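Undergrad: To start, I am sharing the structure in question, which I have written as structure tokens.
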Amino acid sequence: MKDKTLAQFVFETREKLGLSQSGLAKKSALSIEMIEQIESGQELFLASTIRQKLAKGLKVMPKEIKPYEKHPDLSLLPETEQVTFIKQRILEHDIDGLECPVCGSRLITRIAKMYDLEDNLVLVPKARCEKCPFQIRG
């Protein structure tokens, strides 16, 4: 298992079930494009909803898929210039086209309104990737 990729696991499991990619897509309620991306190795980390749907189609438990996913090492991302730039754009409400610095997917952003000890309003930019675990917490 250690050397097997997510793509290999999905392909082999699908083949054992005698399903085509389109057959798995139908059974999983996922697009054929998503199945192709997973099996070609383009998708290395799955959102939990995709993992659940894929597991249903492959007749396995979601926890059986998770070990094959490759999770980005987010410890390598301290407050970088890129993260600072993203925070500034969020505060300026200039969020069109913001991409995750880890995987390049779309960032989901918001501005949290918080108060400091003197009851002053503090705006905190927040972001999370729609595909990988990357987050900006403020």
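Scheme for the structure tokens: letters A, B, ... for chains in order shown; per-chain residue numbers from 1; ligand numbers from 1 in order shown.
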Taking the backbone alone, and naming residues the way the document does, which bits of chain A are helix (DSSP H, G or I) by DSSP, as number ranges by chain?
TA: A: 6-16, 21-28, 32-39, 48-58, 62-68, 74-76, 81-91
Undergrad: Compile the contact shell of A:Val60 as a list of chain:residue names: residues with an atom at most 10 Å away, counting only C-alpha atoms, same-chain residues fewer than 6 positions apart removed.
TA: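 Listed by chain and then number, they are A:Thr13, A:Gln52, A:Leu54.
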Undergrad: Residues at most 12 Å from A:Arg51, counting only C-alpha atoms, excluding those fewer than 4 positions away in the same chain, as an NGL selection string?
TA: :A and (6 or 10 or 28-30 or 34-35 or 38 or 43-47 or 55-69 or 131)
Undergrad: Those residues you just picked out, can you put them in a file as a compact mmCIF listing (two decimals), in the first residue's frame with N, CA, C and O atoms?
TA:
# COMPACT_ATOMS: atom_id res chain seq x y z
N LEU A 6 -2.92 7.24 -5.21
CA LEU A 6 -4.37 7.34 -5.26
C LEU A 6 -4.86 6.91 -6.64
O LEU A 6 -5.83 6.15 -6.77
N VAL A 10 -7.46 3.76 -7.24
CA VAL A 10 -8.77 3.94 -7.87
C VAL A 10 -8.86 3.10 -9.14
O VAL A 10 -9.85 2.40 -9.36
N SER A 28 -20.66 6.86 -8.72
CA SER A 28 -20.13 7.77 -7.71
C SER A 28 -20.84 9.12 -7.69
O SER A 28 -20.60 9.91 -6.79
N ALA A 29 -21.64 9.39 -8.70
CA ALA A 29 -22.27 10.70 -8.86
C ALA A 29 -21.19 11.79 -8.98
O ALA A 29 -21.31 12.88 -8.43
N LEU A 30 -20.12 11.44 -9.70
CA LEU A 30 -19.04 12.39 -10.00
C LEU A 30 -18.94 12.53 -11.51
O LEU A 30 -19.39 11.65 -12.25
N MET A 34 -13.72 14.30 -13.40
CA MET A 34 -13.13 14.11 -12.07
C MET A 34 -12.47 12.74 -11.96
O MET A 34 -11.35 12.61 -11.46
N ILE A 35 -13.14 11.71 -12.45
CA ILE A 35 -12.57 10.35 -12.42
C ILE A 35 -11.28 10.32 -13.25
O ILE A 35 -10.27 9.76 -12.81
N ILE A 38 -8.47 12.04 -11.33
CA ILE A 38 -7.99 11.21 -10.22
C ILE A 38 -7.10 10.09 -10.76
O ILE A 38 -5.98 9.89 -10.28
N GLU A 43 -5.30 14.73 -9.47
CA GLU A 43 -5.90 14.98 -8.16
C GLU A 43 -5.17 14.11 -7.14
O GLU A 43 -5.20 12.89 -7.23
N LEU A 44 -4.51 14.74 -6.20
CA LEU A 44 -3.75 14.01 -5.19
C LEU A 44 -4.42 14.04 -3.83
O LEU A 44 -4.14 13.22 -2.97
N PHE A 45 -5.29 15.01 -3.61
CA PHE A 45 -6.00 15.19 -2.36
C PHE A 45 -7.46 15.42 -2.70
O PHE A 45 -7.78 16.23 -3.56
N LEU A 46 -8.37 14.71 -2.04
CA LEU A 46 -9.79 14.82 -2.35
C LEU A 46 -10.54 15.55 -1.25
O LEU A 46 -10.28 15.33 -0.06
N ALA A 47 -11.48 16.38 -1.65
CA ALA A 47 -12.40 16.96 -0.68
C ALA A 47 -13.21 15.82 -0.08
O ALA A 47 -13.43 14.79 -0.74
N ALA A 55 -15.87 6.62 -2.78
CA ALA A 55 -15.91 5.40 -1.97
C ALA A 55 -17.19 4.61 -2.24
O ALA A 55 -17.15 3.38 -2.38
N LYS A 56 -18.30 5.31 -2.36
CA LYS A 56 -19.57 4.64 -2.64
C LYS A 56 -19.49 3.92 -3.99
O LYS A 56 -19.88 2.76 -4.11
N GLY A 57 -18.96 4.59 -4.99
CA GLY A 57 -18.84 4.00 -6.32
C GLY A 57 -17.88 2.83 -6.37
O GLY A 57 -18.08 1.87 -7.12
N LEU A 58 -16.83 2.89 -5.53
CA LEU A 58 -15.83 1.82 -5.51
C LEU A 58 -16.17 0.72 -4.49
O LEU A 58 -15.44 -0.25 -4.36
N LYS A 59 -17.27 0.92 -3.76
CA LYS A 59 -17.71 -0.04 -2.74
C LYS A 59 -16.65 -0.26 -1.66
O LYS A 59 -16.35 -1.38 -1.28
N VAL A 60 -16.07 0.86 -1.21
CA VAL A 60 -15.12 0.84 -0.11
C VAL A 60 -15.52 1.94 0.88
O VAL A 60 -16.38 2.76 0.58
N MET A 61 -14.89 1.94 2.02
CA MET A 61 -15.13 3.00 3.00
C MET A 61 -14.23 4.18 2.66
O MET A 61 -13.10 3.99 2.19
N PRO A 62 -14.68 5.42 2.92
CA PRO A 62 -13.84 6.58 2.64
C PRO A 62 -12.46 6.50 3.31
O PRO A 62 -11.46 6.92 2.75
N LYS A 63 -12.41 5.90 4.50
CA LYS A 63 -11.13 5.80 5.21
C LYS A 63 -10.15 4.88 4.49
O LYS A 63 -8.95 4.93 4.74
N GLU A 64 -10.64 4.05 3.56
CA GLU A 64 -9.75 3.18 2.78
C GLU A 64 -9.08 3.95 1.65
O GLU A 64 -8.04 3.54 1.14
N ILE A 65 -9.67 5.06 1.24
CA ILE A 65 -9.11 5.90 0.16
C ILE A 65 -8.09 6.88 0.72
O ILE A 65 -7.04 7.11 0.12
N LYS A 66 -8.39 7.44 1.87
CA LYS A 66 -7.59 8.53 2.45
C LYS A 66 -6.09 8.23 2.54
O LYS A 66 -5.27 9.11 2.23
N PRO A 67 -5.65 7.02 2.92
CA PRO A 67 -4.20 6.78 3.01
C PRO A 67 -3.44 6.93 1.69
O PRO A 67 -2.23 7.14 1.69
N TYR A 68 -4.15 6.85 0.57
CA TYR A 68 -3.49 6.96 -0.73
C TYR A 68 -3.37 8.41 -1.19
O TYR A 68 -2.67 8.69 -2.16
N GLU A 69 -4.05 9.29 -0.52
CA GLU A 69 -3.99 10.70 -0.89
C GLU A 69 -2.67 11.30 -0.44
O GLU A 69 -2.11 10.91 0.58
N LYS A 131 -9.71 22.82 -2.52
CA LYS A 131 -9.28 21.44 -2.78
C LYS A 131 -8.30 20.88 -1.75
O LYS A 131 -8.39 19.73 -1.38
Undergrad: State, in Å with one decimal place, the distance from atom CA of A:Lys53 to atom CA of A:Phe134.
TA: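 Interatomic distance here is 22.3 Å.
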Undergrad: When you count only C-alpha atoms, which of these residues is closest to A:Arg137: A:Lys87, A:His93, A:Lys26, A:Arg106?
TA: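 Result for the nearest residue to A:Arg137: A:Lys87.
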Undergrad: Would you please give, as a ChimeraX atom specification, all residues of chain A that DSSP assigns to strand (DSSP E) based on the backbone?
TA: /A:107-115,121-129,135-136
Undergrad: Go ahead and save the picked residues with N, CA, C and O atoms, as a CSV table (one decimal), in the first residue's frame.
TA:
chain,number,residue,atom,x,y,z
A,107,LEU,N,-9.3,30.0,-4.1
A,107,LEU,CA,-9.4,30.3,-2.7
A,107,LEU,C,-10.8,30.8,-2.4
A,107,LEU,O,-11.4,31.6,-3.1
A,108,ILE,N,-11.3,30.3,-1.3
A,108,ILE,CA,-12.6,30.8,-0.7
A,108,ILE,C,-12.2,31.8,0.4
A,108,ILE,O,-11.5,31.4,1.3
A,109,THR,N,-12.7,33.0,0.3
A,109,THR,CA,-12.2,34.1,1.2
A,109,THR,C,-13.4,34.7,2.0
A,109,THR,O,-14.5,34.6,1.6
A,110,ARG,N,-13.0,35.3,3.1
A,110,ARG,CA,-13.9,36.1,3.8
A,110,ARG,C,-13.1,37.1,4.7
A,110,ARG,O,-11.9,36.9,4.9
A,111,ILE,N,-13.8,38.1,5.3
A,111,ILE,CA,-13.2,39.0,6.2
A,111,ILE,C,-13.9,38.8,7.6
A,111,ILE,O,-15.1,39.0,7.6
A,112,ALA,N,-13.2,38.4,8.6
A,112,ALA,CA,-13.8,38.2,9.9
A,112,ALA,C,-13.7,39.5,10.6
A,112,ALA,O,-12.7,40.2,10.6
A,113,LYS,N,-14.8,39.9,11.3
A,113,LYS,CA,-14.8,41.1,12.1
A,113,LYS,C,-14.6,40.7,13.5
A,113,LYS,O,-15.4,40.0,14.1
A,114,MET,N,-13.5,41.2,14.1
A,114,MET,CA,-13.2,40.9,15.5
A,114,MET,C,-13.0,42.2,16.3
A,114,MET,O,-12.8,43.2,15.7
A,115,TYR,N,-12.9,42.0,17.6
A,115,TYR,CA,-12.7,43.2,18.4
A,115,TYR,C,-11.5,42.9,19.3
A,115,TYR,O,-11.4,41.9,19.9
A,121,LEU,N,-12.7,47.6,16.4
A,121,LEU,CA,-12.9,46.7,15.3
A,121,LEU,C,-11.6,46.3,14.6
A,121,LEU,O,-10.9,47.2,14.2
A,122,VAL,N,-11.4,45.0,14.4
A,122,VAL,CA,-10.2,44.6,13.7
A,122,VAL,C,-10.7,43.6,12.6
A,122,VAL,O,-11.5,42.7,12.8
A,123,LEU,N,-10.3,43.9,11.3
A,123,LEU,CA,-10.7,43.1,10.2
A,123,LEU,C,-9.6,42.1,9.9
A,123,LEU,O,-8.4,42.5,9.8
A,124,VAL,N,-10.0,40.8,9.9
A,124,VAL,CA,-9.0,39.8,9.7
A,124,VAL,C,-9.3,39.0,8.5
A,124,VAL,O,-10.4,38.4,8.3
A,125,PRO,N,-8.3,39.0,7.5
A,125,PRO,CA,-8.6,38.3,6.3
A,125,PRO,C,-8.4,36.8,6.5
A,125,PRO,O,-7.5,36.3,7.2
A,126,LYS,N,-9.3,36.0,5.9
A,126,LYS,CA,-9.3,34.5,6.1
A,126,LYS,C,-9.5,33.9,4.7
A,126,LYS,O,-10.2,34.5,3.8
A,127,ALA,N,-8.9,32.8,4.5
A,127,ALA,CA,-9.0,32.1,3.2
A,127,ALA,C,-8.8,30.6,3.4
A,127,ALA,O,-8.1,30.2,4.3
A,128,ARG,N,-9.4,29.8,2.5
A,128,ARG,CA,-9.2,28.4,2.5
A,128,ARG,C,-9.3,27.9,1.1
A,128,ARG,O,-10.0,28.5,0.3
A,129,CYS,N,-8.5,26.9,0.8
A,129,CYS,CA,-8.5,26.3,-0.6
A,129,CYS,C,-9.7,25.4,-0.7
A,129,CYS,O,-10.1,24.8,0.2
A,135,GLN,N,-4.9,27.0,4.4
A,135,GLN,CA,-5.7,28.0,5.0
A,135,GLN,C,-4.9,29.2,5.4
A,135,GLN,O,-3.7,29.1,5.8
A,136,ILE,N,-5.6,30.4,5.4
A,136,ILE,CA,-5.0,31.6,6.0
A,136,ILE,C,-6.0,31.9,7.1
A,136,ILE,O,-7.2,32.2,6.9
Undergrad: Find the residues near A:Ala7: any atom within 7 Å, counting only C-alpha atoms, skip ones fewer than 6 places away on the same chain, and give them as a count of residues only.
TA: 4
